[in-house]
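Engineer: The file below is final_20.cif, mmCIF, C-alpha atoms:
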```
data_entry
#
loop_
_atom_site.group_PDB
_atom_site.id
_atom_site.type_symbol
_atom_site.label_atom_id
_atom_site.label_comp_id
_atom_site.auth_asym_id
_atom_site.auth_seq_id
_atom_site.Cartn_x
_atom_site.Cartn_y
_atom_site.Cartn_z
ATOM 1 C CA MET A 1 -57.425 -8.583 3.625
ATOM 2 C CA GLN A 2 -55.409 -7.709 6.739
ATOM 3 C CA LEU A 3 -52.388 -7.005 4.581
ATOM 4 C CA VAL A 4 -54.389 -4.616 2.406
ATOM 5 C CA VAL A 5 -55.695 -2.734 5.472
ATOM 6 C CA PHE A 6 -52.177 -2.630 6.911
ATOM 7 C CA VAL A 7 -50.621 -1.286 3.709
ATOM 8 C CA VAL A 8 -53.339 1.343 3.211
ATOM 9 C CA CYS A 9 -53.015 2.527 6.816
ATOM 10 C CA ALA A 10 -49.203 2.436 6.769
ATOM 11 C CA VAL A 11 -49.026 4.491 3.582
ATOM 12 C CA GLY A 12 -51.674 6.835 4.990
ATOM 13 C CA ALA A 13 -49.769 7.218 8.280
ATOM 14 C CA VAL A 14 -46.477 8.007 6.556
ATOM 15 C CA ALA A 15 -48.115 10.373 4.042
ATOM 16 C CA ALA A 16 -50.042 12.220 6.757
ATOM 17 C CA GLY A 17 -46.882 12.370 8.881
ATOM 18 C CA ALA A 18 -44.954 13.899 5.997
ATOM 19 C CA ALA A 19 -47.808 16.333 5.324
ATOM 20 C CA VAL A 20 -47.427 17.700 8.868
ATOM 21 C CA PHE A 21 -44.202 19.431 7.840
ATOM 22 C CA ARG A 22 -45.307 20.380 4.337
ATOM 23 C CA VAL A 23 -48.626 22.197 4.743
ATOM 24 C CA ASP A 24 -48.632 25.959 5.319
ATOM 25 C CA SER A 25 -51.405 26.081 7.853
ATOM 26 C CA MET A 26 -50.494 24.971 11.350
ATOM 27 C CA ALA A 27 -54.081 23.977 12.030
ATOM 28 C CA ARG A 28 -53.918 21.699 8.984
ATOM 29 C CA ALA A 29 -50.602 20.308 10.232
ATOM 30 C CA THR A 30 -52.270 19.407 13.529
ATOM 31 C CA PHE A 31 -55.044 17.506 11.800
ATOM 32 C CA ALA A 32 -52.567 15.790 9.478
ATOM 33 C CA LEU A 33 -50.777 14.561 12.598
ATOM 34 C CA LEU A 34 -54.107 13.357 13.977
ATOM 35 C CA ALA A 35 -54.741 11.429 10.738
ATOM 36 C CA SER A 36 -51.297 9.848 11.020
ATOM 37 C CA PHE A 37 -52.021 8.749 14.609
ATOM 38 C CA VAL A 38 -55.404 7.298 13.661
ATOM 39 C CA PHE A 39 -53.876 5.306 10.778
ATOM 40 C CA VAL A 40 -51.226 3.964 13.139
ATOM 41 C CA ALA A 41 -53.888 3.087 15.704
ATOM 42 C CA VAL A 42 -55.753 1.045 13.064
ATOM 43 C CA ASP A 43 -52.527 -0.881 12.441
ATOM 44 C CA VAL A 44 -52.232 -1.440 16.199
ATOM 45 C CA LEU A 45 -55.821 -2.724 16.172
ATOM 46 C CA LEU A 46 -54.756 -5.251 13.510
ATOM 47 C CA LEU A 47 -52.375 -6.680 16.117
ATOM 48 C CA HIS A 48 -55.381 -7.583 18.294
ATOM 49 C CA LEU A 49 -54.613 -4.771 20.744
ATOM 50 C CA ALA A 50 -58.188 -3.507 20.920
ATOM 51 C CA TYR A 51 -57.788 -1.526 24.137
ATOM 52 C CA LEU A 52 -54.494 0.166 23.271
ATOM 53 C CA GLY A 53 -55.612 0.958 19.712
ATOM 54 C CA VAL A 54 -58.835 2.611 20.855
ATOM 55 C CA LEU A 55 -56.924 4.382 23.645
ATOM 56 C CA VAL A 56 -54.512 5.885 21.113
ATOM 57 C CA ILE A 57 -57.387 7.067 18.892
ATOM 58 C CA LEU A 58 -59.339 8.689 21.742
ATOM 59 C CA MET A 59 -56.267 10.232 23.342
ATOM 60 C CA MET A 60 -54.939 11.611 20.088
ATOM 61 C CA ILE A 61 -58.248 13.222 19.130
ATOM 62 C CA MET A 62 -58.242 15.110 22.438
ATOM 63 C CA GLU A 63 -54.545 15.898 22.259
ATOM 64 C CA MET A 64 -54.685 17.267 18.740
ATOM 65 C CA VAL A 65 -57.722 19.415 19.487
ATOM 66 C CA VAL A 66 -55.824 20.911 22.434
ATOM 67 C CA MET A 67 -52.778 21.298 20.198
ATOM 68 C CA ALA A 68 -54.838 23.156 17.580
ATOM 69 C CA VAL A 69 -55.939 25.620 20.270
ATOM 70 C CA PHE A 70 -52.313 26.215 21.312
ATOM 71 C CA MET A 71 -51.292 26.604 17.692
ATOM 72 C CA ILE A 72 -53.818 29.360 17.197
ATOM 73 C CA MET A 73 -52.801 30.983 20.503
ATOM 74 C CA TYR A 74 -49.045 31.109 19.949
ATOM 75 C CA MET A 75 -48.036 30.656 16.379
ATOM 76 C CA MET A 76 -47.636 33.572 14.065
ATOM 77 C CA ASN A 77 -49.207 31.906 11.039
ATOM 78 C CA PRO A 78 -51.870 29.524 12.358
ATOM 79 C CA ALA A 79 -54.149 29.511 9.333
ATOM 80 C CA GLY A 80 -51.447 29.544 6.655
ATOM 81 C CA LEU A 81 -52.739 32.775 5.177
ATOM 82 C CA MET A 82 -49.220 34.086 4.607
ATOM 83 C CA PRO A 83 -47.002 31.448 2.997
ATOM 84 C CA MET A 84 -43.764 31.498 5.009
ATOM 85 C CA SER A 85 -40.933 29.170 5.839
ATOM 86 C CA MET A 86 -40.347 28.337 9.498
ATOM 87 C CA MET A 87 -37.429 25.983 8.981
ATOM 88 C CA HIS A 88 -33.698 25.911 9.550
ATOM 89 C CA ASN A 89 -30.982 23.579 8.337
ATOM 90 C CA ARG A 90 -33.392 21.790 6.042
ATOM 91 C CA ARG A 91 -30.795 19.863 4.059
ATOM 92 C CA GLY A 92 -28.937 18.683 7.146
ATOM 93 C CA ALA A 93 -32.169 17.515 8.768
ATOM 94 C CA LEU A 94 -33.203 15.712 5.579
ATOM 95 C CA ALA A 95 -29.833 13.966 5.327
ATOM 96 C CA ILE A 96 -29.829 12.898 8.987
ATOM 97 C CA SER A 97 -33.403 11.582 8.886
ATOM 98 C CA ALA A 98 -32.912 9.776 5.551
ATOM 99 C CA GLY A 99 -29.699 8.231 6.895
ATOM 100 C CA THR A 100 -31.510 7.143 10.057
ATOM 101 C CA PHE A 101 -34.254 5.501 7.995
ATOM 102 C CA VAL A 102 -31.779 3.682 5.763
ATOM 103 C CA LEU A 103 -29.828 2.459 8.788
ATOM 104 C CA LEU A 104 -32.947 1.253 10.591
ATOM 105 C CA ALA A 105 -34.384 -0.355 7.440
ATOM 106 C CA ALA A 106 -31.108 -2.177 6.790
ATOM 107 C CA GLY A 107 -31.123 -3.462 10.366
ATOM 108 C CA ILE A 108 -34.766 -4.516 10.135
ATOM 109 C CA LEU A 109 -34.274 -6.404 6.866
ATOM 110 C CA LEU A 110 -30.878 -7.944 7.632
ATOM 111 C CA VAL A 111 -31.402 -9.136 11.194
ATOM 112 C CA ARG A 112 -32.666 -12.666 11.577
ATOM 113 C CA TRP A 113 -35.617 -12.134 13.837
ATOM 114 C CA PRO A 114 -36.408 -14.899 16.336
ATOM 115 C CA ALA A 115 -39.440 -17.078 15.826
ATOM 116 C CA ARG A 116 -42.557 -16.273 17.773
ATOM 117 C CA ARG A 117 -42.530 -17.724 21.262
ATOM 118 C CA GLY A 118 -45.753 -18.728 22.973
ATOM 119 C CA ALA A 119 -49.329 -18.289 21.881
ATOM 120 C CA PRO A 120 -51.242 -15.008 22.016
ATOM 121 C CA PRO A 121 -53.556 -14.706 25.011
ATOM 122 C CA ALA A 122 -57.279 -15.073 24.515
ATOM 123 C CA GLU A 123 -57.777 -11.586 25.964
ATOM 124 C CA PRO A 124 -54.804 -9.236 25.474
ATOM 125 C CA THR A 125 -56.463 -6.475 27.509
ATOM 126 C CA ARG A 126 -56.803 -8.787 30.509
ATOM 127 C CA GLN A 127 -53.143 -9.773 30.085
ATOM 128 C CA LEU A 128 -52.147 -6.085 30.185
ATOM 129 C CA GLY A 129 -54.367 -5.291 33.140
ATOM 130 C CA GLU A 130 -53.110 -8.229 35.184
ATOM 131 C CA ALA A 131 -49.508 -7.316 34.359
ATOM 132 C CA LEU A 132 -49.965 -3.664 35.378
ATOM 133 C CA MET A 133 -51.642 -4.679 38.622
ATOM 134 C CA GLY A 134 -49.213 -7.542 39.246
ATOM 135 C CA SER A 135 -45.727 -8.173 37.951
ATOM 136 C CA LYS A 136 -45.398 -4.738 36.279
ATOM 137 C CA MET A 137 -46.809 -2.769 39.194
ATOM 138 C CA LEU A 138 -43.555 -0.815 39.509
ATOM 139 C CA VAL A 139 -43.998 0.511 35.942
ATOM 140 C CA MET A 140 -47.519 1.639 36.775
ATOM 141 C CA MET A 141 -46.342 3.352 39.977
ATOM 142 C CA VAL A 142 -43.530 5.180 38.169
ATOM 143 C CA LEU A 143 -45.951 6.302 35.441
ATOM 144 C CA GLY A 144 -48.373 7.544 38.058
ATOM 145 C CA LEU A 145 -45.639 9.508 39.834
ATOM 146 C CA ALA A 146 -44.372 10.921 36.523
ATOM 147 C CA LEU A 147 -47.870 12.081 35.597
ATOM 148 C CA PHE A 148 -48.327 13.674 39.020
ATOM 149 C CA ALA A 149 -44.961 15.450 38.740
ATOM 150 C CA THR A 150 -45.987 16.620 35.265
ATOM 151 C CA MET A 151 -49.220 18.106 36.589
ATOM 152 C CA VAL A 152 -47.376 20.045 39.303
ATOM 153 C CA ALA A 153 -44.585 21.163 36.957
ATOM 154 C CA THR A 154 -46.942 22.315 34.209
ATOM 155 C CA VAL A 155 -48.993 24.412 36.630
ATOM 156 C CA VAL A 156 -45.818 25.950 38.106
ATOM 157 C CA LEU A 157 -44.420 26.754 34.656
ATOM 158 C CA ALA A 158 -47.615 28.014 33.085
ATOM 159 C CA GLN A 159 -48.903 30.315 35.818
ATOM 160 C CA HIS A 160 -48.404 34.021 35.408
ATOM 161 C CA ARG A 161 -47.954 35.160 39.008
ATOM 162 C CA GLY A 162 -47.423 32.576 41.682
ATOM 163 C CA ARG A 163 -47.542 33.029 45.450
ATOM 164 C CA TYR A 164 -43.821 33.898 45.589
ATOM 165 C CA ASP A 165 -44.488 36.825 43.240
ATOM 166 C CA ARG A 166 -47.392 37.939 45.371
ATOM 167 C CA TYR A 167 -46.085 37.322 48.898
ATOM 168 C CA GLY A 168 -42.298 37.659 48.395
ATOM 169 C CA ASP A 169 -39.509 35.049 48.262
ATOM 170 C CA GLU A 170 -39.970 34.193 51.946
ATOM 171 C CA LEU A 171 -43.758 34.487 51.730
ATOM 172 C CA GLU A 172 -43.317 37.211 54.343
ATOM 173 C CA ARG A 173 -45.780 39.832 53.037
ATOM 174 C CA ARG A 174 -49.013 40.010 54.947
ATOM 175 C CA VAL A 175 -50.767 41.722 52.027
ATOM 176 C CA PRO A 176 -50.046 40.388 48.517
ATOM 177 C CA ASP A 177 -48.333 42.648 46.012
ATOM 178 C CA ASP A 178 -50.795 42.641 43.118
ATOM 179 C CA PRO A 179 -50.751 44.944 40.090
ATOM 180 C CA ILE A 180 -54.344 45.894 40.787
ATOM 181 C CA ARG A 181 -55.311 46.892 44.297
ATOM 182 C CA GLY A 182 -58.529 45.790 45.843
ATOM 183 C CA GLY A 183 -60.145 42.755 47.346
ATOM 184 C CA VAL A 184 -61.419 41.978 50.787
ATOM 185 C CA GLY A 185 -59.641 44.017 53.483
ATOM 186 C CA ARG A 186 -57.274 45.817 51.101
ATOM 187 C CA MET B 1 -42.467 -10.858 6.923
ATOM 188 C CA MET B 2 -45.198 -8.903 8.652
ATOM 189 C CA LEU B 3 -42.950 -8.008 11.586
ATOM 190 C CA GLN B 4 -40.513 -6.383 9.188
ATOM 191 C CA LEU B 5 -43.348 -4.416 7.556
ATOM 192 C CA PHE B 6 -44.494 -3.065 10.908
ATOM 193 C CA LEU B 7 -40.926 -2.189 11.881
ATOM 194 C CA LEU B 8 -40.379 -0.455 8.533
ATOM 195 C CA LEU B 9 -43.491 1.619 9.205
ATOM 196 C CA ALA B 10 -42.045 2.502 12.619
ATOM 197 C CA ALA B 11 -38.695 3.424 11.045
ATOM 198 C CA ALA B 12 -40.411 5.666 8.486
ATOM 199 C CA LEU B 13 -42.428 7.452 11.185
ATOM 200 C CA LEU B 14 -39.308 7.887 13.316
ATOM 201 C CA ALA B 15 -37.367 9.330 10.378
ATOM 202 C CA ILE B 16 -40.156 11.792 9.514
ATOM 203 C CA GLY B 17 -40.439 12.841 13.146
ATOM 204 C CA LEU B 18 -36.677 13.296 13.370
ATOM 205 C CA TYR B 19 -36.739 15.448 10.239
ATOM 206 C CA GLY B 20 -39.462 17.617 11.764
ATOM 207 C CA ALA B 21 -37.745 17.917 15.140
ATOM 208 C CA LEU B 22 -34.460 18.952 13.507
ATOM 209 C CA SER B 23 -35.754 21.255 10.782
ATOM 210 C CA GLN B 24 -38.625 23.175 12.351
ATOM 211 C CA GLN B 25 -38.200 26.502 14.108
ATOM 212 C CA SER B 26 -41.584 26.663 15.770
ATOM 213 C CA ILE B 27 -41.557 24.992 19.212
ATOM 214 C CA VAL B 28 -44.995 23.455 18.688
ATOM 215 C CA MET B 29 -43.935 21.960 15.332
ATOM 216 C CA ILE B 30 -40.890 20.408 17.024
ATOM 217 C CA MET B 31 -43.236 18.819 19.536
ATOM 218 C CA MET B 32 -45.195 17.351 16.620
ATOM 219 C CA GLY B 33 -41.982 15.770 15.345
ATOM 220 C CA LEU B 34 -41.294 14.295 18.781
ATOM 221 C CA GLU B 35 -44.845 12.909 18.919
ATOM 222 C CA LEU B 36 -44.329 11.184 15.572
ATOM 223 C CA MET B 37 -41.163 9.595 16.939
ATOM 224 C CA VAL B 38 -42.965 8.307 20.036
ATOM 225 C CA ASN B 39 -45.685 7.032 17.717
ATOM 226 C CA ALA B 40 -43.028 4.936 15.997
ATOM 227 C CA VAL B 41 -42.169 3.383 19.368
ATOM 228 C CA ILE B 42 -45.848 2.471 19.828
ATOM 229 C CA VAL B 43 -45.938 0.659 16.470
ATOM 230 C CA ALA B 44 -42.644 -1.126 17.089
ATOM 231 C CA GLY B 45 -43.614 -2.140 20.641
ATOM 232 C CA ALA B 46 -47.002 -3.482 19.572
ATOM 233 C CA ALA B 47 -45.472 -5.399 16.639
ATOM 234 C CA ALA B 48 -42.705 -6.854 18.808
ATOM 235 C CA TRP B 49 -45.314 -8.029 21.309
ATOM 236 C CA TRP B 50 -47.533 -9.723 18.704
ATOM 237 C CA PHE B 51 -44.865 -11.252 16.480
ATOM 238 C CA LEU B 52 -42.174 -12.178 19.011
ATOM 239 C CA ALA B 53 -43.548 -12.860 22.471
ATOM 240 C CA PRO B 54 -47.326 -12.494 22.762
ATOM 241 C CA HIS B 55 -47.419 -14.793 25.795
ATOM 242 C CA ARG B 56 -45.628 -12.132 27.884
ATOM 243 C CA PRO B 57 -47.157 -8.699 28.568
ATOM 244 C CA ASP B 58 -43.872 -6.736 28.196
ATOM 245 C CA GLY B 59 -44.620 -5.355 24.720
ATOM 246 C CA GLN B 60 -48.020 -4.091 25.775
ATOM 247 C CA VAL B 61 -46.532 -2.461 28.872
ATOM 248 C CA LEU B 62 -43.966 -0.727 26.642
ATOM 249 C CA VAL B 63 -46.821 0.684 24.549
ATOM 250 C CA VAL B 64 -48.503 2.008 27.707
ATOM 251 C CA VAL B 65 -45.211 3.669 28.716
ATOM 252 C CA ALA B 66 -44.911 5.242 25.238
ATOM 253 C CA ILE B 67 -48.472 6.588 25.409
ATOM 254 C CA THR B 68 -47.718 8.118 28.813
ATOM 255 C CA VAL B 69 -44.490 9.624 27.485
ATOM 256 C CA MET B 70 -46.516 11.233 24.707
ATOM 257 C CA ALA B 71 -48.936 12.805 27.189
ATOM 258 C CA VAL B 72 -46.115 14.035 29.440
ATOM 259 C CA GLU B 73 -44.137 15.433 26.494
ATOM 260 C CA MET B 74 -47.112 17.355 25.214
ATOM 261 C CA ALA B 75 -48.078 18.766 28.630
ATOM 262 C CA MET B 76 -44.521 19.809 29.528
ATOM 263 C CA GLY B 77 -43.894 21.172 26.038
ATOM 264 C CA PHE B 78 -46.901 23.445 26.187
ATOM 265 C CA ALA B 79 -46.053 24.534 29.737
ATOM 266 C CA VAL B 80 -42.527 25.518 28.665
ATOM 267 C CA THR B 81 -43.913 27.248 25.562
ATOM 268 C CA THR B 82 -46.362 29.165 27.726
ATOM 269 C CA ALA B 83 -43.614 30.171 30.174
ATOM 270 C CA ILE B 84 -41.164 31.410 27.540
ATOM 271 C CA PHE B 85 -43.880 33.085 25.462
ATOM 272 C CA ARG B 86 -45.161 34.882 28.535
ATOM 273 C CA ALA B 87 -41.699 35.972 29.624
ATOM 274 C CA ARG B 88 -40.193 37.019 26.304
ATOM 275 C CA ASP B 89 -42.728 36.599 23.468
ATOM 276 C CA VAL B 90 -40.612 33.774 22.082
ATOM 277 C CA ASP B 91 -42.250 31.051 19.983
ATOM 278 C CA THR B 92 -39.312 29.772 17.927
ATOM 279 C CA THR B 93 -36.224 27.874 18.995
ATOM 280 C CA ASP B 94 -33.857 30.284 17.251
ATOM 281 C CA ALA B 95 -35.073 33.092 19.507
ATOM 282 C CA ALA B 96 -34.347 31.016 22.628
ATOM 283 C CA ALA B 97 -30.641 30.356 22.208
ATOM 284 C CA ASP B 98 -29.503 31.830 25.548
ATOM 285 C CA LEU B 99 -27.400 28.818 26.525
ATOM 286 C CA ARG B 100 -25.276 29.218 23.393
ATOM 287 C CA ARG B 101 -23.846 32.530 24.595
#
```
Using structure tokens, write down the structure from this file.

Structural biologist:
Amino acid sequence: MQLVVFVVCAVGAVAAGAAVFRVDSMARATFALLASFVFVAVDVLLLHLAYLGVLVILMMIMEMVVMAVFMIMYMMNPAGLMPMSMMHNRRGALAISAGTFVLLAAGILLVRWPARRGAPPAEPTRQLGEALMGSKMLVMMVLGLALFATMVATVVLAQHRGRYDRYGDELERRVPDDPIRGGVGR
Amino acid sequence: MMLQLFLLLAAALLAIGLYGALSQQSIVMIMMGLELMVNAVIVAGAAAWWFLAPHRPDGQVLVVVAITVMAVEMAMGFAVTTAIFRARDVDTTDAAADLRR
């Protein structure tokens, strides 16, 4: 039964992943990617990783909805109403990716994998939580710092006019230089 | 045999993502390719944990790192897209080839 679920989800994940780059509509591509992530998450759930599987599903639903909004904001053909090709070097990319798959598959099938060591924990989520709050605390701290740096960097990159635009490079202006005059005391 | 099946799934996802990242012109579509590749790492990490060393938490921690990488990649990707779109109306990689000159 598990094998059947795995095969169905694996085929679904690969098919949905391939559909991402085949459909005309970018909104459809986003939801194909979401389907691929959900299929993969079901396979992760088969490995008794309940927390991580559900986390991937919830996170990806949010991420893809945000992505769909960005698609519609920026892309020139979000709904696929005008069939157009947005690709370059298609043959080269196909050859490189097919070669990569063949190489990886050969390695996967030819390597003699070691036997499983140790028994699975009764509660994998507890094992993960204790590791992140114990022996793998450094990983958690680095991830936290990286996420904080990401928040700062994304705000800096995405804002239209920051305080250096308004108050000068040395922040020396007493009154900000705004395109539209007005405001309290100005 | 199941470990190999999971790893083959990861290899297929990685190859599709690589194809997308190399062949697409739209910046957002390239990010989708990168996400598929990180997704492959999630599958491979989870499978390695379950089939090779489930008594140690390392595989699970790797999956958490991959999930975080995915979030960071998406946030930074959209921030860069916003910045370059705002500055120059650019939404494809071919229009942002300044470093080549």

Engineer: May I have the residues within 9 Å of Thr100 in chain A as an NGL selection string, using all atoms listed in the file and disregarding those fewer than 5 positions away in the same chain?

Structural biologist: (:A and (95 or 105)) or (:B and (11 or 14-15 or 18))

Engineer: Dump C-alpha atoms for the selected residues as a CSV table (one decimal), in the frame of the given file?

Structural biologist:
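Saved the output as again22.csv:
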```csv
chain,number,residue,atom,x,y,z
A,95,ALA,CA,-29.8,14.0,5.3
A,105,ALA,CA,-34.4,-0.4,7.4
B,11,ALA,CA,-38.7,3.4,11.0
B,14,LEU,CA,-39.3,7.9,13.3
B,15,ALA,CA,-37.4,9.3,10.4
B,18,LEU,CA,-36.7,13.3,13.4
```

Engineer: How would you write, as a list in words, the residues chosen by the PyMOL selection byres ((chain A and resi 3) around 10) on this structure?

Structural biologist: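 What the PyMOL selection byres ((chain A and resi 3) around 10) grabs from the file is Met1, Gln2, Val4, Val5, Phe6, Val7, Val8, Cys9, Asp43 and Leu46 of chain A; Met2 and Leu5 of chain B.
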
Engineer: Counting all atoms listed in the file, figure out which residue out of A:Arg112, A:Arg166, A:Arg126, A:Arg117 gets nearest to Leu49 in chain A.

Structural biologist: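 Answer, going by the shortest atom-to-atom distance: A:Arg126.
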
Engineer: Carefully work through the PyMOL selection byres ((chain B) within 8 of (chain A)) for this structure and note down the residues it includes, as a VMD selection string.

Structural biologist: chain B and resid 4 7 to 9 11 to 20 22 to 26 28 to 29 32 36 39 43 46 to 47 50 to 55 57 60 to 61 63 to 65 67 to 68 72 75 to 76 78 to 80 82 to 83 85 to 86 91

Engineer: Point out the residue among B:Leu3, B:Ile27, B:Leu34, B:Ala21 with the least atom-to-atom distance to Glu73 in chain B, counting only C-alpha atoms.

Structural biologist: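 Smallest separation from Glu73 in chain B among the options: B:Leu34.
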
Engineer: Do you have the CA of Met133 in chain A-CA of Ile57 in chain A distance handy?

Structural biologist: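 Between CA of Met133 in chain A and CA of Ile57 in chain A the gap works out to 23.7 Å.
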